[in-house]
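Enquirer: upload-v1.pdb is the file, holding PDB, C-alpha atoms:
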ATOM      1  CA  MET A   1       0.000   0.000   0.000
ATOM      2  CA  MET A   2       1.275   3.435  -0.886
ATOM      3  CA  LYS A   3       2.542   5.173   2.228
ATOM      4  CA  ARG A   4       1.846   8.823   2.462
ATOM      5  CA  ALA A   5       2.254  11.267   5.305
ATOM      6  CA  ILE A   6      -1.373  12.267   5.966
ATOM      7  CA  LEU A   7      -2.431  15.099   8.273
ATOM      8  CA  TYR A   8      -5.967  14.054   8.937
ATOM      9  CA  GLY A   9      -7.609  15.938  11.823
ATOM     10  CA  LEU A  10      -7.986  19.629  11.633
ATOM     11  CA  ALA A  11      -5.170  19.894   9.132
ATOM     12  CA  VAL A  12      -7.559  18.444   6.549
ATOM     13  CA  ILE A  13     -10.889  19.661   7.847
ATOM     14  CA  VAL A  14     -10.223  22.909   9.720
ATOM     15  CA  ALA A  15      -6.881  24.216   8.510
ATOM     16  CA  ALA A  16      -7.658  23.425   4.888
ATOM     17  CA  GLY A  17     -10.995  25.078   5.348
ATOM     18  CA  SER A  18      -9.366  28.139   6.827
ATOM     19  CA  VAL A  19      -7.479  28.586   3.582
ATOM     20  CA  ILE A  20     -10.561  28.055   1.479
ATOM     21  CA  GLY A  21     -13.367  29.181   3.735
ATOM     22  CA  ALA A  22     -16.348  31.435   3.288
ATOM     23  CA  ASN A  23     -15.877  34.544   1.222
ATOM     24  CA  ASP A  24     -15.302  36.821   4.216
ATOM     25  CA  VAL A  25     -12.582  34.517   5.495
ATOM     26  CA  LEU A  26     -11.023  34.368   2.043
ATOM     27  CA  GLN A  27     -10.966  38.134   1.893
ATOM     28  CA  GLN A  28      -9.562  38.375   5.383
ATOM     29  CA  LEU A  29      -6.749  35.991   4.519
ATOM     30  CA  SER A  30      -6.223  37.493   1.036
ATOM     31  CA  VAL A  31      -6.755  34.157  -0.658
ATOM     32  CA  SER A  32      -8.334  33.989  -4.105
ATOM     33  CA  LYS A  33     -11.018  31.437  -4.913
ATOM     34  CA  ALA A  34      -8.732  29.895  -7.536
ATOM     35  CA  ASP A  35      -5.956  29.369  -5.007
ATOM     36  CA  ALA A  36      -8.493  28.149  -2.473
ATOM     37  CA  SER A  37      -9.789  25.518  -4.873
ATOM     38  CA  LYS A  38      -6.276  24.281  -5.569
ATOM     39  CA  GLU A  39      -5.649  23.964  -1.835
ATOM     40  CA  VAL A  40      -8.765  21.820  -1.404
ATOM     41  CA  VAL A  41      -7.864  19.449  -4.207
ATOM     42  CA  SER A  42      -4.278  19.119  -3.025
ATOM     43  CA  SER A  43      -5.156  18.634   0.624
ATOM     44  CA  LEU A  44      -7.826  16.026  -0.060
ATOM     45  CA  ALA A  45      -5.735  14.187  -2.642
ATOM     46  CA  ASN A  46      -2.487  14.139  -0.686
ATOM     47  CA  GLY A  47      -3.745  14.504   2.846
ATOM     48  CA  ASN A  48      -1.060  17.164   3.319
ATOM     49  CA  VAL A  49      -2.091  20.688   4.203
ATOM     50  CA  ASN A  50       0.100  23.739   4.533
ATOM     51  CA  VAL A  51      -1.229  25.257   7.762
ATOM     52  CA  TYR A  52       1.488  27.890   8.029
ATOM     53  CA  ARG A  53      -0.413  30.365   5.907
ATOM     54  CA  VAL A  54      -3.441  30.529   8.228
ATOM     55  CA  ARG A  55      -2.097  29.598  11.630
ATOM     56  CA  ASN A  56      -1.664  33.157  12.926
ATOM     57  CA  ALA A  57      -5.247  34.187  12.197
ATOM     58  CA  PHE A  58      -6.650  31.008  13.680
ATOM     59  CA  LYS A  59      -4.362  31.095  16.685
ATOM     60  CA  ALA A  60      -5.245  34.698  17.490
ATOM     61  CA  ALA A  61      -8.987  34.026  17.479
ATOM     62  CA  THR A  62     -10.962  33.310  20.643
ATOM     63  CA  PRO A  63     -12.438  29.808  21.080
ATOM     64  CA  ALA A  64     -15.883  31.091  20.099
ATOM     65  CA  VAL A  65     -14.543  32.776  16.964
ATOM     66  CA  ARG A  66     -12.581  29.661  16.067
ATOM     67  CA  ALA A  67     -15.751  27.583  16.273
ATOM     68  CA  ALA A  68     -17.650  30.069  14.125
ATOM     69  CA  MET A  69     -14.820  30.204  11.616
ATOM     70  CA  THR A  70     -14.696  26.434  11.507
ATOM     71  CA  GLU A  71     -18.386  26.146  10.750
ATOM     72  CA  GLN A  72     -18.165  28.883   8.145
ATOM     73  CA  VAL A  73     -15.246  27.402   6.285
ATOM     74  CA  LEU A  74     -16.623  23.875   6.361
ATOM     75  CA  VAL A  75     -19.822  25.041   4.707
ATOM     76  CA  TRP A  76     -17.751  26.591   1.918
ATOM     77  CA  THR A  77     -15.549  23.536   1.627
ATOM     78  CA  LYS A  78     -18.487  21.164   1.397
ATOM     79  CA  ALA A  79     -20.147  23.311  -1.261
ATOM     80  CA  TYR A  80     -17.038  23.290  -3.425
ATOM     81  CA  VAL A  81     -16.284  19.607  -2.898
ATOM     82  CA  SER A  82     -19.876  18.767  -3.813
ATOM     83  CA  SER A  83     -19.716  20.779  -7.039
ATOM     84  CA  PRO A  84     -19.061  19.537 -10.588
ATOM     85  CA  GLN A  85     -16.036  21.841 -10.684
ATOM     86  CA  PHE A  86     -14.341  19.958  -7.869
ATOM     87  CA  ALA A  87     -14.976  16.655  -9.640
ATOM     88  CA  LYS A  88     -13.353  18.131 -12.754
ATOM     89  CA  ASP A  89     -10.409  19.608 -10.843
ATOM     90  CA  TYR A  90      -9.798  16.392  -8.931
ATOM     91  CA  ALA A  91      -9.988  14.294 -12.107
ATOM     92  CA  ALA A  92      -7.301  16.487 -13.683
ATOM     93  CA  TRP A  93      -5.104  16.229 -10.594
ATOM     94  CA  ARG A  94      -5.598  12.472 -10.449
ATOM     95  CA  ASN A  95      -4.671  12.057 -14.107
ATOM     96  CA  ASP A  96      -1.474  14.075 -13.615
ATOM     97  CA  ALA A  97      -0.536  11.786 -10.716
ATOM     98  CA  LYS A  98      -1.086   8.605 -12.733
ATOM     99  CA  PRO A  99       2.080   6.462 -13.052
ATOM    100  CA  GLN A 100       3.671   6.386 -16.479
ATOM    101  CA  GLN A 101       5.321   3.462 -18.220
ATOM    102  CA  ASP A 102       8.769   3.578 -19.778
ATOM    103  CA  ASP A 103       8.163   4.948 -23.281
ATOM    104  CA  ALA A 104      11.259   3.231 -24.673
ATOM    105  CA  GLN A 105       9.849  -0.200 -23.938
ATOM    106  CA  GLY A 106       6.648   0.683 -25.694
ATOM    107  CA  GLN A 107       8.520   1.812 -28.793
ATOM    108  CA  LEU A 108      11.206  -0.854 -29.169
ATOM    109  CA  SER A 109      10.783  -4.583 -29.558
ATOM    110  CA  VAL A 110      13.185  -6.901 -27.735
ATOM    111  CA  ASP A 111      15.128  -7.467 -30.963
ATOM    112  CA  GLN A 112      15.326  -3.742 -31.594
ATOM    113  CA  GLU A 113      16.628  -3.070 -28.090
ATOM    114  CA  LEU A 114      19.242  -5.810 -28.436
ATOM    115  CA  GLU A 115      20.377  -4.373 -31.763
ATOM    116  CA  GLN A 116      20.530  -0.920 -30.198
ATOM    117  CA  ARG A 117      22.744  -2.235 -27.408
ATOM    118  CA  ARG A 118      25.092  -3.935 -29.857
ATOM    119  CA  ALA A 119      25.295  -0.771 -31.952
ATOM    120  CA  GLN A 120      26.093   1.276 -28.867
ATOM    121  CA  ARG A 121      28.877  -1.095 -27.796
ATOM    122  CA  LYS A 122      30.372  -0.917 -31.260
ATOM    123  CA  ALA A 123      30.140   2.879 -31.337
ATOM    124  CA  ASP A 124      31.781   3.119 -27.907
ATOM    125  CA  LEU A 125      34.669   0.933 -29.030
ATOM    126  CA  GLU A 126      35.164   2.982 -32.186
ATOM    127  CA  GLN A 127      35.130   6.200 -30.187
ATOM    128  CA  ALA A 128      37.720   4.772 -27.807
ATOM    129  CA  LYS A 129      39.961   4.064 -30.788
ATOM    130  CA  LYS A 130      39.580   7.630 -32.035
ATOM    131  CA  ASN A 131      40.369   8.986 -28.592
ATOM    132  CA  ILE A 132      43.600   6.995 -28.494
ATOM    133  CA  ALA A 133      44.771   8.605 -31.719
ATOM    134  CA  GLU A 134      44.393  12.021 -30.093
ATOM    135  CA  MET A 135      46.301  11.144 -26.930
ATOM    136  CA  PRO A 136      49.863  12.259 -26.204
ATOM    137  CA  ALA A 137      52.373   9.635 -27.302
ATOM    138  CA  GLU A 138      53.428   8.789 -23.743
ATOM    139  CA  TYR A 139      49.889   7.621 -22.881
ATOM    140  CA  ARG A 140      49.019   5.980 -26.164
ATOM    141  CA  ALA A 141      50.730   2.610 -25.590
ATOM    142  CA  ALA A 142      48.852   1.914 -22.352
ATOM    143  CA  ALA A 143      45.583   3.051 -23.885
ATOM    144  CA  GLU A 144      46.085   0.754 -26.865
ATOM    145  CA  GLU A 145      46.530  -2.206 -24.545
ATOM    146  CA  GLY A 146      43.263  -1.314 -22.887
ATOM    147  CA  TYR A 147      41.618  -1.013 -26.263
ATOM    148  CA  LYS A 148      42.838  -4.437 -27.338
ATOM    149  CA  ALA A 149      41.411  -5.957 -24.146
ATOM    150  CA  ALA A 150      38.081  -4.257 -24.772
ATOM    151  CA  ALA A 151      38.017  -5.409 -28.390
ATOM    152  CA  GLU A 152      38.716  -8.973 -27.279
ATOM    153  CA  ALA A 153      35.932  -8.801 -24.724
ATOM    154  CA  MET A 154      33.622  -7.486 -27.431
ATOM    155  CA  LYS A 155      33.995 -10.774 -29.274
ATOM    156  CA  GLN A 156      32.387 -12.545 -26.317
ATOM    157  CA  PHE A 157      29.301 -10.413 -26.780
ATOM    158  CA  ASP A 158      28.734 -11.957 -30.191
ATOM    159  CA  THR A 159      28.660 -15.559 -28.999
ATOM    160  CA  PRO A 160      25.355 -17.467 -29.004
ATOM    161  CA  GLU A 161      25.671 -17.962 -25.250
ATOM    162  CA  PHE A 162      25.957 -14.257 -24.498
ATOM    163  CA  ARG A 163      23.251 -13.321 -26.993
ATOM    164  CA  LYS A 164      20.886 -15.788 -25.311
ATOM    165  CA  MET A 165      21.757 -14.485 -21.860
ATOM    166  CA  GLU A 166      21.365 -10.871 -22.932
ATOM    167  CA  ARG A 167      17.966 -11.571 -24.500
ATOM    168  CA  GLU A 168      16.775 -13.305 -21.344
ATOM    169  CA  GLY A 169      18.022 -10.363 -19.316
ATOM    170  CA  VAL A 170      16.112  -7.848 -21.434
ATOM    171  CA  ILE A 171      12.934  -9.912 -21.215
ATOM    172  CA  ALA A 172      13.273 -10.301 -17.444
ATOM    173  CA  GLU A 173      13.916  -6.582 -17.045
ATOM    174  CA  ARG A 174      10.822  -5.741 -19.048
ATOM    175  CA  GLU A 175       8.702  -8.180 -17.094
ATOM    176  CA  GLY A 176       9.966  -6.655 -13.855
ATOM    177  CA  ASP A 177       9.216  -3.143 -15.084
ATOM    178  CA  ALA A 178       5.723  -4.206 -16.165
ATOM    179  CA  GLU A 179       5.059  -5.773 -12.767
ATOM    180  CA  ASP A 180       6.345  -2.663 -11.012
ATOM    181  CA  TYR A 181       4.094  -0.477 -13.163
ATOM    182  CA  GLN A 182       1.043  -2.577 -12.333
ATOM    183  CA  GLN A 183       1.839  -2.276  -8.630
ATOM    184  CA  ARG A 184       2.239   1.478  -8.879
ATOM    185  CA  LEU A 185      -0.991   1.688 -10.859
ATOM    186  CA  ALA A 186      -2.865  -0.302  -8.204
ATOM    187  CA  GLN A 187      -1.418   1.945  -5.487
ATOM    188  CA  TRP A 188      -2.483   5.018  -7.451
ATOM    189  CA  GLU A 189      -6.018   3.709  -7.879
ATOM    190  CA  GLU A 190      -6.262   2.953  -4.171
ATOM    191  CA  ALA A 191      -4.802   6.264  -3.050
ATOM    192  CA  TYR A 192      -6.814   8.341  -5.518
ATOM    193  CA  PRO A 193     -10.195   6.689  -6.200
ATOM    194  CA  ALA A 194     -11.917   7.706  -9.411
ATOM    195  CA  ASP A 195     -15.066   8.639  -7.501
ATOM    196  CA  PRO A 196     -14.220  11.761  -5.452
ATOM    197  CA  ARG A 197     -16.901  10.816  -2.938
ATOM    198  CA  GLU A 198     -14.755   7.865  -1.907
ATOM    199  CA  LEU A 199     -11.854  10.220  -1.259
ATOM    200  CA  VAL A 200     -14.034  12.560   0.795
ATOM    201  CA  LYS A 201     -15.415   9.614   2.758
ATOM    202  CA  ALA A 202     -11.897   8.407   3.553
ATOM    203  CA  ARG A 203     -10.712  11.827   4.731
ATOM    204  CA  LEU A 204     -13.787  12.386   6.898
ATOM    205  CA  THR A 205     -13.388   8.943   8.449
ATOM    206  CA  ASP A 206      -9.702   9.568   9.079
ATOM    207  CA  PHE A 207     -10.499  12.875  10.766
ATOM    208  CA  LEU A 208     -13.144  11.427  13.068
ATOM    209  CA  GLU A 209     -10.952   8.509  14.061
ATOM    210  CA  ALA A 210      -7.924  10.721  14.674
ATOM    211  CA  THR A 211      -9.774  13.195  16.907
ATOM    212  CA  ALA A 212     -11.985  10.773  18.823
ATOM    213  CA  ASP A 213      -9.915  10.827  22.025
ATOM    214  CA  VAL A 214      -8.310  14.255  22.151
ATOM    215  CA  ASP A 215      -7.615  15.323  25.735
ATOM    216  CA  TYR A 216      -8.307  19.039  25.548
ATOM    217  CA  ASP A 217      -7.395  19.448  29.214
ATOM    218  CA  ALA A 218      -3.919  17.955  28.810
ATOM    219  CA  LYS A 219      -1.236  19.946  30.591
ATOM    220  CA  LEU A 220       1.927  21.253  29.012
ATOM    221  CA  VAL A 221       5.294  21.655  30.713
ATOM    222  CA  SER A 222       8.578  23.184  29.615
ATOM    223  CA  ARG A 223      11.236  20.648  28.700
ATOM    224  CA  HIS A 224      14.474  21.461  26.920
ATOM    225  CA  SER A 225      13.201  24.947  26.025
ATOM    226  CA  LYS A 226      10.059  23.518  24.401
ATOM    227  CA  MET A 227       6.528  22.952  25.608
ATOM    228  CA  ARG A 228       5.788  19.255  26.018
ATOM    229  CA  PHE A 229       2.839  17.256  27.292
ATOM    230  CA  ALA A 230       3.071  16.502  30.997
ATOM    231  CA  ASN A 231       1.635  13.090  30.084
ATOM    232  CA  ALA A 232       4.547  11.563  28.193
ATOM    233  CA  THR A 233       2.273   9.168  26.302
ATOM    234  CA  TYR A 234       0.714  12.137  24.526
ATOM    235  CA  GLU A 235       4.077  12.943  22.976
ATOM    236  CA  GLN A 236       3.675   9.736  20.960
ATOM    237  CA  LYS A 237       0.335  10.822  19.529
ATOM    238  CA  PRO A 238       0.218  11.575  15.790
ATOM    239  CA  SER A 239       0.589  15.156  14.624
ATOM    240  CA  ASN A 240      -3.086  15.452  13.696
ATOM    241  CA  TRP A 241      -4.113  14.602  17.282
ATOM    242  CA  LYS A 242      -1.785  17.309  18.567
ATOM    243  CA  LEU A 243      -3.115  19.773  16.008
ATOM    244  CA  ALA A 244      -6.662  19.121  17.189
ATOM    245  CA  TYR A 245      -5.499  19.728  20.748
ATOM    246  CA  ARG A 246      -3.962  23.053  19.760
ATOM    247  CA  ALA A 247      -7.100  24.079  17.860
ATOM    248  CA  GLY A 248      -9.121  23.540  21.006
ATOM    249  CA  ARG A 249     -12.335  21.865  22.044
ATOM    250  CA  ASP A 250     -14.779  24.330  20.488
ATOM    251  CA  ALA A 251     -13.286  24.285  17.000
ATOM    252  CA  THR A 252     -12.542  20.580  16.965
ATOM    253  CA  GLU A 253     -15.945  19.490  18.232
ATOM    254  CA  LYS A 254     -17.634  21.816  15.750
ATOM    255  CA  ALA A 255     -15.623  20.166  12.982
ATOM    256  CA  ARG A 256     -16.411  16.686  14.293
ATOM    257  CA  ALA A 257     -20.137  17.372  14.339
ATOM    258  CA  PHE A 258     -19.984  18.717  10.801
ATOM    259  CA  ALA A 259     -17.878  15.785   9.640
ATOM    260  CA  LYS A 260     -20.281  13.224  11.120
ATOM    261  CA  GLU A 261     -23.210  14.786   9.312
ATOM    262  CA  TRP A 262     -21.291  15.041   6.052
ATOM    263  CA  LEU A 263     -20.078  11.461   6.318
ATOM    264  CA  GLY A 264     -23.638  10.278   6.755
ATOM    265  CA  GLU A 265     -24.515  11.952   3.461
ATOM    266  CA  VAL A 266     -21.684  10.392   1.421
ATOM    267  CA  GLU A 267     -21.872   6.880   2.798
TER     268      GLU A 267
END
How does the structure come out when it is put into structure tokens?
Expert:
Amino acid sequence: MMKRAILYGLAVIVAAGSVIGANDVLQQLSVSKADASKEVVSSLANGNVNVYRVRNAFKAATPAVRAAMTEQVLVWTKAYVSSPQFAKDYAAWRNDAKPQQDDAQGQLSVDQELEQRRAQRKADLEQAKKNIAEMPAEYRAAAEEGYKAAAEAMKQFDTPEFRKMEREGVIAEREGDAEDYQQRLAQWEEAYPADPRELVKARLTDFLEATADVDYDAKLVSRHSKMRFANATYEQKPSNWKLAYRAGRDATEKARAFAKEWLGEVE
């Protein structure tokens, strides 16, 4: 399964929404609708959200304002994600992310590739001979010995045994590349389902699971010049859990309620 670093929690639902929220929030944050739409597609597709751009505004807000902002931006987000434009934008993004096969294999047959390799070896040997002629006399004798050894080795490449081995190697390499491509294609299809509703369902589920047990009353203490959880086990929590903690109870629970309702609609 394709491994991706996914910020579920508020990074996907709240922080992403903050970038692409209702029009007044967009204006406040000086974010265009075009940029907002790109942020939604990227965050839902990759599960990675750049929260740096909006963290100051969200951090400065009171808990009540955070909750209101959360509700506002989620309404906007849902409207866009439910629109035909999002389906179009996501389809384009998904197509760009689709794995590509090696074009050379699609253009050359096995025999053509083998002939190309033989031609390249011959050209390399001829170039080596030309290079020797241009060398200073004191280096030429040693280079000629090396050339003779290479020319002798070249004869082994024209034996039936080597030709058979080289052909088998090319075929095996192509089969391995084809298998690798099929694996990458399966991973792509799983990570980026064709139906955007499946992607939305996965992100909503991830968010609800990640924020189900946030301890909003957890205490912080100063350790090594940084604020850490007094409960050491919380330091092992994923980043999305910690982000929900920092966002606070009001904003997170508002997002959870919205997410539960939305999930019920897409399931």
Enquirer: For the interface of stretch 121-211 of chain A with stretch 236-240 of chain A (cut-off 9 Å, counting only C-alpha atoms), please tabulate each contacting residue of stretch 121-211 of chain A alongside its nearest pair of atoms and their separation in Å to one decimal, rows sorted by chain and increasing number, as CSV.
Expert:
residue,atom,partner,partner_atom,distance
A:Phe207,CA,A:Asn240,CA,8.4
A:Ala210,CA,A:Asn240,CA,6.8
A:Thr211,CA,A:Asn240,CA,7.8
Enquirer: Export C-alpha atoms of the chosen residues as an mmCIF file, keeping the file's coordinate frame?
Expert:
data_model
loop_
_atom_site.group_PDB
_atom_site.id
_atom_site.type_symbol
_atom_site.label_atom_id
_atom_site.label_comp_id
_atom_site.auth_asym_id
_atom_site.auth_seq_id
_atom_site.Cartn_x
_atom_site.Cartn_y
_atom_site.Cartn_z
ATOM 1 C CA PHE A 207 -10.499 12.875 10.766
ATOM 2 C CA ALA A 210 -7.924 10.721 14.674
ATOM 3 C CA THR A 211 -9.774 13.195 16.907
#
Enquirer: Give as a count of residues only the residues that the PyMOL selection byres ((chain A and resi 157-165) around 12) matches when applied to the coordinates above.
Expert: 23
Enquirer: Would you compute the distance between atom CA of A:Val73 and atom CA of A:Glu190? Give it in Å to one decimal.
Expert: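 Atom CA of A:Glu190 lies at a distance of 28.1 Å from atom CA of A:Val73.
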Enquirer: Taking the file as shown, find all residues satisfying the PyMOL selection byres ((chain A and resi 244) around 10) and write them as an NGL selection string.
Expert: :A and (8-11 or 14 or 207 or 210-211 or 214-216 or 239-243 or 245-249 or 251-253 or 255)
Enquirer: I would like the residues chosen by the PyMOL selection byres ((chain A and resi 44) around 8) on the shown file; could you give them as an MDAnalysis selection string?
Expert: chainID A and resid 12 40:43 45:48 199:200 203
Enquirer: Output C-alpha atoms for every residue in that selection, as a PDB file, keeping the file's coordinate frame.
Expert:
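Just written: part27.pdb:
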ATOM      1  CA  VAL A  12      -7.559  18.444   6.549  1.00  0.00           C
ATOM      2  CA  VAL A  40      -8.765  21.820  -1.404  1.00  0.00           C
ATOM      3  CA  VAL A  41      -7.864  19.449  -4.207  1.00  0.00           C
ATOM      4  CA  SER A  42      -4.278  19.119  -3.025  1.00  0.00           C
ATOM      5  CA  SER A  43      -5.156  18.634   0.624  1.00  0.00           C
ATOM      6  CA  ALA A  45      -5.735  14.187  -2.642  1.00  0.00           C
ATOM      7  CA  ASN A  46      -2.487  14.139  -0.686  1.00  0.00           C
ATOM      8  CA  GLY A  47      -3.745  14.504   2.846  1.00  0.00           C
ATOM      9  CA  ASN A  48      -1.060  17.164   3.319  1.00  0.00           C
ATOM     10  CA  LEU A 199     -11.854  10.220  -1.259  1.00  0.00           C
ATOM     11  CA  VAL A 200     -14.034  12.560   0.795  1.00  0.00           C
ATOM     12  CA  ARG A 203     -10.712  11.827   4.731  1.00  0.00           C
TER      13      ARG A 203
END
Enquirer: Please report the interatomic distance between atom CA of A:Tyr234 and atom CA of A:Lys219 in Å with one decimal.
Expert: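 Separation between atom CA of A:Tyr234 and atom CA of A:Lys219: 10.1 Å.
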Enquirer: Point out the residue among A:Ala67, A:Ala36, A:Ala97, A:Leu74 with the least atom-to-atom distance to A:Arg184, counting all atoms listed in the file.
Expert: A:Ala97
Enquirer: Which of these residues is nearest to A:Asp96, using only C-alpha atoms: A:Lys260, A:Arg228, A:Asp124, A:Trp188?
Expert: A:Trp188
Enquirer: With distances taken over only C-alpha atoms, which of A:Arg94, A:Arg140, A:Lys38, A:Lys59 is nearest to A:Thr77?
Expert: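 Among the listed residues, A:Lys38 lies closest to A:Thr77.
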Enquirer: Could you jot down the atom CA of A:Tyr90 to atom CA of A:Gln187 separation for me, Å, one decimal place?
Expert: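 So the two atoms, atom CA of A:Tyr90 and atom CA of A:Gln187, lie 17.1 Å apart.
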Enquirer: Please report, as lines of an AutoDock Vina configuration file, the centre and edge lengths in Å to one decimal of an axis-aligned box covering all listed atoms of stretch 178-186 of chain A with 8 Å per side.
Expert:
center_x = 1.7
center_y = -2.0
center_z = -12.2
size_x = 25.2
size_y = 23.5
size_z = 24.0
Enquirer: Could you pull out every residue with an atom within 12 Å of (-23.2, 15.1, 7.7), file coordinates, counting all atoms listed in the file, and send them as a VMD selection string?
Expert: chain A and resid 74 to 75 78 200 to 201 204 to 205 208 254 to 267
Enquirer: List as an MDAnalysis selection string the protein and nucleic acid residues near A:Ala218, meaning an atom at most 8 Å away when all atoms listed in the file are counted, but skip any in the same chain fewer than 3 places from it.
Expert: chainID A and resid 215 229:231
Enquirer: Hey, which of A:Ser109, A:Ser37, A:Gln72, A:Ser222 ends up closest to A:Phe86? Count only C-alpha atoms.
Expert: A:Ser37
Enquirer: Since the input is missing atoms for stretch 220-233 of chain A, could you rebuild it with N, CA and C atoms and give the result as a PDB file, in the coordinates of the input?
Expert:
ATOM      1  N   LEU A 220       0.637  21.114  29.661  1.00  0.00           N
ATOM      2  CA  LEU A 220       1.927  21.253  29.012  1.00  0.00           C
ATOM      3  C   LEU A 220       2.966  21.715  30.032  1.00  0.00           C
ATOM      4  N   VAL A 221       4.188  21.242  29.851  1.00  0.00           N
ATOM      5  CA  VAL A 221       5.294  21.655  30.713  1.00  0.00           C
ATOM      6  C   VAL A 221       6.495  21.996  29.838  1.00  0.00           C
ATOM      7  N   SER A 222       7.385  22.789  30.364  1.00  0.00           N
ATOM      8  CA  SER A 222       8.578  23.184  29.615  1.00  0.00           C
ATOM      9  C   SER A 222       9.677  22.144  29.797  1.00  0.00           C
ATOM     10  N   ARG A 223      10.146  21.610  28.673  1.00  0.00           N
ATOM     11  CA  ARG A 223      11.236  20.648  28.700  1.00  0.00           C
ATOM     12  C   ARG A 223      12.200  20.972  27.562  1.00  0.00           C
ATOM     13  N   HIS A 224      13.450  21.169  27.930  1.00  0.00           N
ATOM     14  CA  HIS A 224      14.474  21.461  26.920  1.00  0.00           C
ATOM     15  C   HIS A 224      14.079  22.647  26.052  1.00  0.00           C
ATOM     16  N   SER A 225      13.563  23.686  26.697  1.00  0.00           N
ATOM     17  CA  SER A 225      13.201  24.947  26.025  1.00  0.00           C
ATOM     18  C   SER A 225      12.007  24.806  25.088  1.00  0.00           C
ATOM     19  N   LYS A 226      11.254  23.709  25.210  1.00  0.00           N
ATOM     20  CA  LYS A 226      10.059  23.518  24.401  1.00  0.00           C
ATOM     21  C   LYS A 226       8.922  23.053  25.290  1.00  0.00           C
ATOM     22  N   MET A 227       7.697  23.379  24.859  1.00  0.00           N
ATOM     23  CA  MET A 227       6.528  22.952  25.608  1.00  0.00           C
ATOM     24  C   MET A 227       6.178  21.514  25.205  1.00  0.00           C
ATOM     25  N   ARG A 228       6.093  20.666  26.235  1.00  0.00           N
ATOM     26  CA  ARG A 228       5.788  19.255  26.018  1.00  0.00           C
ATOM     27  C   ARG A 228       4.568  18.875  26.855  1.00  0.00           C
ATOM     28  N   PHE A 229       3.941  17.761  26.486  1.00  0.00           N
ATOM     29  CA  PHE A 229       2.839  17.256  27.292  1.00  0.00           C
ATOM     30  C   PHE A 229       3.378  16.705  28.605  1.00  0.00           C
ATOM     31  N   ALA A 230       2.688  17.055  29.705  1.00  0.00           N
ATOM     32  CA  ALA A 230       3.071  16.502  30.997  1.00  0.00           C
ATOM     33  C   ALA A 230       2.893  14.986  30.981  1.00  0.00           C
ATOM     34  N   ASN A 231       1.859  14.521  30.278  1.00  0.00           N
ATOM     35  CA  ASN A 231       1.635  13.090  30.084  1.00  0.00           C
ATOM     36  C   ASN A 231       2.512  12.638  28.922  1.00  0.00           C
ATOM     37  N   ALA A 232       3.572  11.925  29.227  1.00  0.00           N
ATOM     38  CA  ALA A 232       4.547  11.563  28.193  1.00  0.00           C
ATOM     39  C   ALA A 232       3.938  10.742  27.066  1.00  0.00           C
ATOM     40  N   THR A 233       2.877  10.000  27.361  1.00  0.00           N
ATOM     41  CA  THR A 233       2.273   9.168  26.302  1.00  0.00           C
ATOM     42  C   THR A 233       1.678  10.035  25.198  1.00  0.00           C
TER      43      THR A 233
END
